[in-house]
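Shown below: coords_5.cif, with mmCIF, C-alpha atoms and all ligand atoms.
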data_protein
#
loop_
_atom_site.group_PDB
_atom_site.id
_atom_site.type_symbol
_atom_site.label_atom_id
_atom_site.label_comp_id
_atom_site.auth_asym_id
_atom_site.auth_seq_id
_atom_site.Cartn_x
_atom_site.Cartn_y
_atom_site.Cartn_z
ATOM 1 C CA MET A 1 6.589 -5.770 1.284
ATOM 2 C CA LEU A 2 3.894 -3.117 1.863
ATOM 3 C CA LYS A 3 4.903 -0.591 4.493
ATOM 4 C CA LEU A 4 2.183 0.729 6.789
ATOM 5 C CA ALA A 5 2.186 2.406 10.198
ATOM 6 C CA VAL A 6 0.120 4.114 12.843
ATOM 7 C CA PHE A 7 1.248 7.493 14.212
ATOM 8 C CA GLY A 8 0.157 8.662 17.669
ATOM 9 C CA ASN A 9 1.316 9.843 21.075
ATOM 10 C CA PRO A 10 1.206 7.722 23.157
ATOM 11 C CA ILE A 11 1.387 4.786 20.762
ATOM 12 C CA LYS A 12 2.725 1.779 22.685
ATOM 13 C CA GLN A 13 -0.815 0.715 23.640
ATOM 14 C CA SER A 14 -2.011 0.654 20.016
ATOM 15 C CA LYS A 15 -3.618 -2.554 18.815
ATOM 16 C CA SER A 16 -3.419 -1.473 15.168
ATOM 17 C CA PRO A 17 -0.175 -3.375 14.360
ATOM 18 C CA ILE A 18 -1.629 -6.679 15.537
ATOM 19 C CA ILE A 19 -4.966 -6.035 13.817
ATOM 20 C CA HIS A 20 -3.340 -5.245 10.464
ATOM 21 C CA GLN A 21 -0.881 -8.148 10.694
ATOM 22 C CA GLN A 22 -3.912 -10.426 11.201
ATOM 23 C CA PHE A 23 -5.686 -8.901 8.199
ATOM 24 C CA ALA A 24 -2.545 -9.292 6.062
ATOM 25 C CA ALA A 25 -2.266 -12.951 7.109
ATOM 26 C CA GLN A 26 -5.849 -13.579 5.896
ATOM 27 C CA PHE A 27 -4.673 -12.755 2.353
ATOM 28 C CA GLU A 28 -1.040 -13.896 2.750
ATOM 29 C CA LEU A 29 0.013 -10.354 1.911
ATOM 30 C CA PRO A 30 3.534 -9.302 2.912
ATOM 31 C CA VAL A 31 2.911 -6.303 5.177
ATOM 32 C CA ARG A 32 5.097 -4.517 7.708
ATOM 33 C CA TYR A 33 2.891 -2.362 9.965
ATOM 34 C CA THR A 34 4.717 -0.417 12.671
ATOM 35 C CA ALA A 35 3.696 1.871 15.562
ATOM 36 C CA GLU A 36 5.377 5.280 15.235
ATOM 37 C CA LEU A 37 5.661 7.715 18.136
ATOM 38 C CA SER A 38 5.617 11.344 17.047
ATOM 39 C CA ASP A 39 5.095 14.784 18.586
ATOM 40 C CA GLU A 40 3.073 17.825 17.651
ATOM 41 C CA HIS A 41 6.058 19.665 16.156
ATOM 42 C CA SER A 42 7.368 16.835 14.009
ATOM 43 C CA PHE A 43 4.233 14.860 13.107
ATOM 44 C CA LYS A 44 3.713 16.262 9.596
ATOM 45 C CA GLN A 45 7.366 15.780 8.681
ATOM 46 C CA ASP A 46 7.482 12.303 10.276
ATOM 47 C CA ALA A 47 4.387 11.124 8.410
ATOM 48 C CA GLN A 48 5.497 12.620 5.088
ATOM 49 C CA ARG A 49 8.958 11.056 5.433
ATOM 50 C CA PHE A 50 7.421 7.655 6.198
ATOM 51 C CA LEU A 51 5.000 7.899 3.259
ATOM 52 C CA ALA A 52 7.757 8.956 0.839
ATOM 53 C CA GLN A 53 9.405 5.525 1.173
ATOM 54 C CA PRO A 54 9.039 3.470 -2.028
ATOM 55 C CA ASP A 55 7.016 0.651 -0.432
ATOM 56 C CA ALA A 56 4.817 2.825 1.820
ATOM 57 C CA VAL A 57 1.154 2.702 0.784
ATOM 58 C CA GLY A 58 -0.357 4.643 3.668
ATOM 59 C CA CYS A 59 -0.698 5.073 7.400
ATOM 60 C CA ASN A 60 -3.200 5.398 10.194
ATOM 61 C CA ILE A 61 -3.250 8.373 12.498
ATOM 62 C CA THR A 62 -4.543 8.363 16.057
ATOM 63 C CA ALA A 63 -4.713 10.943 18.856
ATOM 64 C CA PRO A 64 -3.563 13.662 18.911
ATOM 65 C CA PHE A 65 -2.619 14.009 15.229
ATOM 66 C CA LYS A 66 -5.875 13.527 13.303
ATOM 67 C CA GLN A 67 -6.320 17.266 12.650
ATOM 68 C CA GLN A 68 -2.722 17.638 11.471
ATOM 69 C CA ALA A 69 -3.210 14.636 9.176
ATOM 70 C CA PHE A 70 -6.260 16.421 7.753
ATOM 71 C CA GLU A 71 -4.007 19.381 6.948
ATOM 72 C CA ILE A 72 -1.467 17.352 4.957
ATOM 73 C CA ALA A 73 -4.054 15.541 2.827
ATOM 74 C CA ALA A 74 -4.336 16.919 -0.728
ATOM 75 C CA LEU A 75 -7.683 15.151 -1.250
ATOM 76 C CA LEU A 76 -10.322 14.157 1.307
ATOM 77 C CA SER A 77 -13.164 11.663 1.572
ATOM 78 C CA PRO A 78 -16.544 13.224 2.507
ATOM 79 C CA ALA A 79 -16.333 11.849 6.067
ATOM 80 C CA ALA A 80 -12.827 13.276 6.556
ATOM 81 C CA ALA A 81 -13.841 16.630 5.085
ATOM 82 C CA THR A 82 -16.778 16.884 7.496
ATOM 83 C CA ALA A 83 -14.843 15.658 10.518
ATOM 84 C CA ARG A 84 -11.846 17.860 9.627
ATOM 85 C CA ALA A 85 -9.911 14.876 10.950
ATOM 86 C CA VAL A 86 -8.114 12.062 9.127
ATOM 87 C CA ASN A 87 -7.373 8.635 10.571
ATOM 88 C CA THR A 88 -6.164 7.093 7.301
ATOM 89 C CA LEU A 89 -3.769 8.458 4.689
ATOM 90 C CA GLN A 90 -3.286 6.762 1.348
ATOM 91 C CA VAL A 91 -0.421 7.494 -1.043
ATOM 92 C CA LEU A 92 -1.913 8.018 -4.510
ATOM 93 C CA GLU A 93 -0.082 7.029 -7.710
ATOM 94 C CA ASP A 94 1.003 10.615 -8.326
ATOM 95 C CA GLY A 95 2.426 10.809 -4.791
ATOM 96 C CA ARG A 96 -0.331 13.006 -3.365
ATOM 97 C CA LEU A 97 -1.944 12.001 -0.077
ATOM 98 C CA LYS A 98 -5.647 11.243 0.243
ATOM 99 C CA GLY A 99 -7.202 11.488 3.695
ATOM 100 C CA PHE A 100 -10.072 9.342 4.942
ATOM 101 C CA ASN A 101 -11.927 9.045 8.216
ATOM 102 C CA THR A 102 -13.005 5.431 8.669
ATOM 103 C CA ASP A 103 -14.078 5.779 12.325
ATOM 104 C CA GLY A 104 -17.734 6.370 11.447
ATOM 105 C CA GLY A 105 -17.814 3.480 8.981
ATOM 106 C CA GLY A 106 -16.226 1.251 11.623
ATOM 107 C CA LEU A 107 -18.858 2.301 14.155
ATOM 108 C CA VAL A 108 -21.785 1.811 11.787
ATOM 109 C CA ASN A 109 -20.560 -1.598 10.569
ATOM 110 C CA ASP A 110 -20.156 -2.721 14.171
ATOM 111 C CA ILE A 111 -23.635 -1.514 15.092
ATOM 112 C CA LEU A 112 -25.026 -3.345 12.067
ATOM 113 C CA ALA A 113 -23.402 -6.533 13.357
ATOM 114 C CA VAL A 114 -25.931 -6.293 16.225
ATOM 115 C CA LEU A 115 -28.939 -4.463 14.772
ATOM 116 C CA ASP A 116 -30.240 -5.395 11.302
ATOM 117 C CA SER A 117 -30.677 -1.765 10.325
ATOM 118 C CA ILE A 118 -30.727 1.659 11.924
ATOM 119 C CA SER A 119 -32.643 3.278 9.079
ATOM 120 C CA GLY A 120 -35.513 5.305 10.585
ATOM 121 C CA SER A 121 -34.020 5.084 14.094
ATOM 122 C CA SER A 122 -33.878 7.821 16.679
ATOM 123 C CA VAL A 123 -30.299 8.151 17.858
ATOM 124 C CA LEU A 124 -28.859 9.865 20.924
ATOM 125 C CA LEU A 125 -25.191 10.790 20.550
ATOM 126 C CA ILE A 126 -23.617 11.781 23.875
ATOM 127 C CA GLY A 127 -20.509 13.943 23.512
ATOM 128 C CA ALA A 128 -19.432 16.503 20.953
ATOM 129 C CA GLY A 129 -15.640 16.212 20.753
ATOM 130 C CA GLY A 130 -13.478 14.724 18.014
ATOM 131 C CA ALA A 131 -14.848 11.203 18.497
ATOM 132 C CA ALA A 132 -18.441 12.365 17.961
ATOM 133 C CA ARG A 133 -17.555 14.615 15.037
ATOM 134 C CA GLY A 134 -15.784 11.748 13.281
ATOM 135 C CA VAL A 135 -18.941 9.620 13.002
ATOM 136 C CA LEU A 136 -21.573 12.173 11.912
ATOM 137 C CA VAL A 137 -21.499 11.574 8.152
ATOM 138 C CA ASP A 138 -21.647 7.799 8.443
ATOM 139 C CA LEU A 139 -24.535 7.932 10.929
ATOM 140 C CA LEU A 140 -26.521 10.270 8.685
ATOM 141 C CA ASN A 141 -25.774 8.052 5.657
ATOM 142 C CA GLN A 142 -27.765 5.319 7.396
ATOM 143 C CA HIS A 143 -30.953 7.388 6.927
ATOM 144 C CA ILE A 144 -31.648 7.640 10.630
ATOM 145 C CA ALA A 145 -34.820 9.611 11.439
ATOM 146 C CA SER A 146 -33.396 11.810 14.184
ATOM 147 C CA LEU A 147 -30.064 12.585 15.816
ATOM 148 C CA THR A 148 -29.980 14.242 19.233
ATOM 149 C CA ILE A 149 -26.486 15.443 20.146
ATOM 150 C CA SER A 150 -26.159 16.001 23.878
ATOM 151 C CA ASN A 151 -23.088 17.398 25.566
ATOM 152 C CA ARG A 152 -21.899 19.002 28.805
ATOM 153 C CA THR A 153 -21.011 22.130 26.809
ATOM 154 C CA LEU A 154 -24.023 23.031 24.691
ATOM 155 C CA GLU A 155 -22.045 25.157 22.182
ATOM 156 C CA ASN A 156 -19.980 22.137 21.144
ATOM 157 C CA ALA A 157 -23.116 20.063 20.573
ATOM 158 C CA GLN A 158 -24.633 22.957 18.625
ATOM 159 C CA SER A 159 -21.607 23.197 16.315
ATOM 160 C CA LEU A 160 -21.906 19.494 15.467
ATOM 161 C CA ALA A 161 -25.643 19.910 14.860
ATOM 162 C CA ASP A 162 -24.874 22.872 12.570
ATOM 163 C CA ILE A 163 -22.431 20.697 10.614
ATOM 164 C CA CYS A 164 -25.116 18.007 10.216
ATOM 165 C CA ASN A 165 -27.735 20.527 9.169
ATOM 166 C CA GLY A 166 -25.325 21.779 6.485
ATOM 167 C CA LEU A 167 -25.219 18.309 4.917
ATOM 168 C CA SER A 168 -28.027 17.184 2.651
ATOM 169 C CA SER A 169 -29.921 14.779 4.861
ATOM 170 C CA ASN A 170 -33.533 14.385 5.937
ATOM 171 C CA CYS A 171 -32.476 13.593 9.489
ATOM 172 C CA LYS A 172 -33.821 15.874 12.228
ATOM 173 C CA VAL A 173 -30.728 16.992 14.158
ATOM 174 C CA THR A 174 -30.899 18.806 17.498
ATOM 175 C CA ALA A 175 -28.427 19.780 20.213
ATOM 176 C CA CYS A 176 -29.036 19.885 23.964
ATOM 177 C CA ASN A 177 -27.455 19.748 27.394
ATOM 178 C CA PHE A 178 -27.617 16.525 29.423
ATOM 179 C CA ALA A 179 -30.524 17.913 31.482
ATOM 180 C CA ASP A 180 -32.589 18.797 28.402
ATOM 181 C CA ILE A 181 -32.563 15.491 26.530
ATOM 182 C CA PRO A 182 -36.131 14.856 25.383
ATOM 183 C CA LYS A 183 -37.876 11.900 27.026
ATOM 184 C CA ALA A 184 -38.837 10.493 23.606
ATOM 185 C CA PRO A 185 -37.564 6.919 23.324
ATOM 186 C CA PHE A 186 -34.196 6.383 21.619
ATOM 187 C CA ASP A 187 -33.436 3.239 19.622
ATOM 188 C CA LEU A 188 -29.690 3.718 19.830
ATOM 189 C CA ILE A 189 -27.652 5.557 22.496
ATOM 190 C CA ILE A 190 -23.974 6.138 21.718
ATOM 191 C CA ASN A 191 -21.452 7.383 24.270
ATOM 192 C CA ALA A 192 -18.760 9.408 22.498
ATOM 193 C CA THR A 193 -17.481 11.229 25.591
ATOM 194 C CA SER A 194 -14.103 10.423 27.088
ATOM 195 C CA LEU A 195 -15.717 9.734 30.500
ATOM 196 C CA SER A 196 -15.443 5.942 30.267
ATOM 197 C CA LEU A 197 -11.660 6.250 30.195
ATOM 198 C CA HIS A 198 -11.968 7.363 33.828
ATOM 199 C CA GLY A 199 -14.735 4.946 34.827
ATOM 200 C CA ASP A 200 -17.309 7.774 34.861
ATOM 201 C CA VAL A 201 -20.714 8.117 33.214
ATOM 202 C CA PRO A 202 -22.390 11.200 31.713
ATOM 203 C CA GLN A 203 -24.996 12.900 33.916
ATOM 204 C CA ILE A 204 -27.992 11.894 31.796
ATOM 205 C CA ASP A 205 -31.325 10.511 33.012
ATOM 206 C CA PRO A 206 -30.833 6.714 33.154
ATOM 207 C CA GLY A 207 -34.545 6.351 32.365
ATOM 208 C CA LEU A 208 -33.521 7.081 28.760
ATOM 209 C CA PHE A 209 -32.093 3.562 28.403
ATOM 210 C CA ALA A 210 -35.451 1.851 28.950
ATOM 211 C CA GLY A 211 -36.649 0.424 25.651
ATOM 212 C CA SER A 212 -33.505 1.274 23.699
ATOM 213 C CA ALA A 213 -32.313 -1.472 21.357
ATOM 214 C CA LEU A 214 -28.608 -0.813 21.883
ATOM 215 C CA ALA A 215 -26.311 1.227 24.118
ATOM 216 C CA TYR A 216 -22.891 1.656 22.502
ATOM 217 C CA ASP A 217 -19.695 2.961 24.094
ATOM 218 C CA MET A 218 -16.859 4.011 21.797
ATOM 219 C CA VAL A 219 -14.425 3.111 24.576
ATOM 220 C CA TYR A 220 -13.553 -0.545 25.205
ATOM 221 C CA GLY A 221 -11.807 -2.491 27.913
ATOM 222 C CA ASP A 222 -11.369 -5.969 29.331
ATOM 223 C CA LYS A 223 -14.811 -5.664 30.961
ATOM 224 C CA PRO A 224 -17.925 -3.622 30.118
ATOM 225 C CA THR A 225 -17.427 0.092 30.755
ATOM 226 C CA ALA A 226 -19.305 1.824 33.601
ATOM 227 C CA PHE A 227 -21.569 3.389 30.959
ATOM 228 C CA LEU A 228 -22.543 -0.003 29.517
ATOM 229 C CA THR A 229 -23.152 -1.636 32.889
ATOM 230 C CA TRP A 230 -25.320 1.328 33.885
ATOM 231 C CA ALA A 231 -27.209 1.228 30.557
ATOM 232 C CA GLN A 232 -27.942 -2.463 30.964
ATOM 233 C CA GLN A 233 -29.133 -2.007 34.540
ATOM 234 C CA HIS A 234 -31.580 0.623 33.307
ATOM 235 C CA GLY A 235 -33.095 -1.360 30.487
ATOM 236 C CA ALA A 236 -30.942 -1.176 27.348
ATOM 237 C CA SER A 237 -31.704 -4.381 25.403
ATOM 238 C CA GLN A 238 -28.119 -4.827 24.213
ATOM 239 C CA ILE A 239 -24.764 -3.258 25.022
ATOM 240 C CA ARG A 240 -21.577 -3.113 22.952
ATOM 241 C CA ASP A 241 -18.165 -1.560 23.503
ATOM 242 C CA GLY A 242 -15.865 0.081 20.964
ATOM 243 C CA LEU A 243 -13.565 -2.871 20.192
ATOM 244 C CA GLY A 244 -15.627 -3.678 17.108
ATOM 245 C CA MET A 245 -15.434 -0.033 16.021
ATOM 246 C CA LEU A 246 -11.638 -0.134 16.368
ATOM 247 C CA ILE A 247 -11.361 -3.301 14.280
ATOM 248 C CA GLY A 248 -14.011 -2.022 11.863
ATOM 249 C CA GLN A 249 -12.197 1.241 11.146
ATOM 250 C CA ALA A 250 -8.994 -0.764 10.644
ATOM 251 C CA ALA A 251 -10.742 -3.086 8.172
ATOM 252 C CA LEU A 252 -11.923 -0.111 6.113
ATOM 253 C CA SER A 253 -8.404 1.370 6.105
ATOM 254 C CA PHE A 254 -6.932 -1.979 5.054
ATOM 255 C CA ALA A 255 -9.427 -2.154 2.170
ATOM 256 C CA ILE A 256 -8.462 1.371 1.049
ATOM 257 C CA TRP A 257 -4.779 0.421 0.915
ATOM 258 C CA THR A 258 -5.028 -3.105 -0.484
ATOM 259 C CA GLY A 259 -8.445 -3.393 -2.161
ATOM 260 C CA LYS A 260 -9.145 -6.413 0.052
ATOM 261 C CA GLN A 261 -11.985 -6.669 2.610
ATOM 262 C CA PRO A 262 -10.740 -8.537 5.690
ATOM 263 C CA ASP A 263 -12.903 -10.663 7.974
ATOM 264 C CA VAL A 264 -13.189 -8.829 11.305
ATOM 265 C CA ALA A 265 -14.711 -11.683 13.346
ATOM 266 C CA PRO A 266 -11.548 -13.774 13.983
ATOM 267 C CA VAL A 267 -9.573 -10.643 14.878
ATOM 268 C CA MET A 268 -12.271 -9.592 17.331
ATOM 269 C CA GLN A 269 -12.096 -13.013 18.959
ATOM 270 C CA LEU A 270 -8.305 -12.896 19.166
ATOM 271 C CA LEU A 271 -8.267 -9.471 20.832
ATOM 272 C CA ARG A 272 -10.995 -10.428 23.313
ATOM 273 C CA GLU A 273 -8.952 -13.482 24.293
ATOM 274 C CA GLN A 274 -5.849 -11.278 24.800
ATOM 275 C CA ASP A 275 -7.638 -8.831 27.139
HETATM 276 P P1 LIG B 1 -12.344 12.941 21.889
HETATM 277 O O1 LIG B 1 -11.381 13.164 20.761
HETATM 278 O O2 LIG B 1 -12.145 11.673 22.646
HETATM 279 O O3 LIG B 1 -13.759 13.155 21.458
HETATM 280 P P2 LIG B 1 -12.420 15.555 23.043
HETATM 281 O O4 LIG B 1 -12.491 16.146 21.666
HETATM 282 O O5 LIG B 1 -11.577 16.191 24.086
HETATM 283 O O6 LIG B 1 -11.953 14.055 22.964
HETATM 284 O O7 LIG B 1 -13.951 15.435 23.570
HETATM 285 C C1 LIG B 1 -14.246 14.869 24.816
HETATM 286 C C2 LIG B 1 -15.751 14.768 24.973
HETATM 287 O O8 LIG B 1 -16.032 14.229 26.275
HETATM 288 C C3 LIG B 1 -16.484 16.084 24.893
HETATM 289 O O9 LIG B 1 -17.803 15.876 24.458
HETATM 290 C C4 LIG B 1 -16.469 16.528 26.358
HETATM 291 O O10 LIG B 1 -17.469 17.447 26.707
HETATM 292 P P3 LIG B 1 -17.199 19.061 26.580
HETATM 293 O O11 LIG B 1 -17.420 19.394 25.126
HETATM 294 O O12 LIG B 1 -18.210 19.647 27.481
HETATM 295 O O13 LIG B 1 -15.790 19.278 27.037
HETATM 296 C C5 LIG B 1 -16.755 15.210 27.032
HETATM 297 N N1 LIG B 1 -16.280 15.223 28.426
HETATM 298 C C6 LIG B 1 -15.004 15.159 28.868
HETATM 299 N N2 LIG B 1 -14.963 15.185 30.213
HETATM 300 C C7 LIG B 1 -16.258 15.306 30.639
HETATM 301 C C8 LIG B 1 -16.884 15.393 31.919
HETATM 302 N N3 LIG B 1 -16.171 15.358 33.055
HETATM 303 N N4 LIG B 1 -18.234 15.470 31.964
HETATM 304 C C9 LIG B 1 -18.960 15.493 30.837
HETATM 305 N N5 LIG B 1 -18.421 15.420 29.583
HETATM 306 C C10 LIG B 1 -17.100 15.324 29.497
#
As structure tokens, the full file:
Amino acid sequence: MLKLAVFGNPIKQSKSPIIHQQFAAQFELPVRYTAELSDEHSFKQDAQRFLAQPDAVGCNITAPFKQQAFEIAALLSPAAATARAVNTLQVLEDGRLKGFNTDGGGLVNDILAVLDSISGSSVLLIGAGGAARGVLVDLLNQHIASLTISNRTLENAQSLADICNGLSSNCKVTACNFADIPKAPFDLIINATSLSLHGDVPQIDPGLFAGSALAYDMVYGDKPTAFLTWAQQHGASQIRDGLGMLIGQAALSFAIWTGKQPDVAPVMQLLREQD
């Protein structure tokens, strides 16, 4: 029996246990995946104790512990090193912990389920918090032509742009406030702010959606978020919420732990039916 878990606070709402049980069933793998509540003082100890169990192969980490998980990882994937945040820990054979960040890969794979390619695209990333930071490397790895990072607080957008400009990439990366987003058309507009959690939308010019191929919201719910409805009303060709990103990051974690690539489509359908 492989032991896996997700650590977070709160954690009751997490869909990770059901997602990973579905993945395990696809391969008839015996897996026990639990949701573990922790707190900021005990997280590192809780995770290390869980991972020290003989059958534990790894764990996921969600808010607010991704930075602490980064700190306990002895080795890091490039995406985790850049994000300074870890959503997946793997126990290596020598007992050391390797940290990954599969959020960006989950996002990109979900976008590529809708658009054939985003190579050469101009991308607008709205928001500059942990969610935005976690997807930078994977977006740049798609050889996008330009990345405009727009945020309420310009300094936060500028620090993400500085991170991108420190990576070897030919992408043109710029930072701006909501009011200063260039009018140039964007192929892909991604909302990485937390505004959708409150039913709000960022104060950007809705004219920016006209002609865009896809508006993506990292948040998901039982109906399209306010951001997606607004984007569609203003001309975005397609809209997509973050459920596919959630399942996509889980699939990449599952592959890290088990070496098996699960099929995300049936799990997506199951979760949509449950909403
Ligand atoms: P997460 O881990 O979800 O990214 P976070 O790191 O707290 O959470 O980042 C939240 C993001 O949503 C930030 O980009 C934040 O903008 P600031 O950097 O200006 O704080 C954005 N955000 C949150 N509330 C907002 C609001 N009322 N208006 C505009 N942007 C908001």
Polymer residues at most 8 Å from (-2.0, 15.0, 8.3) by all atoms listed in the file, as a PyMOL selection string
chain A and resi 43-44+47+61+65-73+86+89+99
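Distances from A:Asn151, A:Asn191, A:Gln158, A:Gln274 to ligand LIG 1 (chain B) were compared using all atoms listed in the file, and the smallest one belongs to A:Asn151.
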What is the CA of Val173 in chain A-CA of Ser146 in chain A distance in Å, reported with one decimal?
5.8 Å
So the first atom is CA of Ser253 in chain A and the second is CA of Thr88 in chain A; what is the distance between them in Å, to one decimal place?
6.3 Å
Name the residues, by chain letter and number, that sit within 7 Å of ligand LIG 1 (chain B) using all atoms listed in the file, and give them as a PyMOL selection string.
chain A and resi 127-132+151-153+156+192-195+202
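Atom to atom, CA of Arg84 in chain A and CA of Gln203 in chain A stand 28.1 Å apart.
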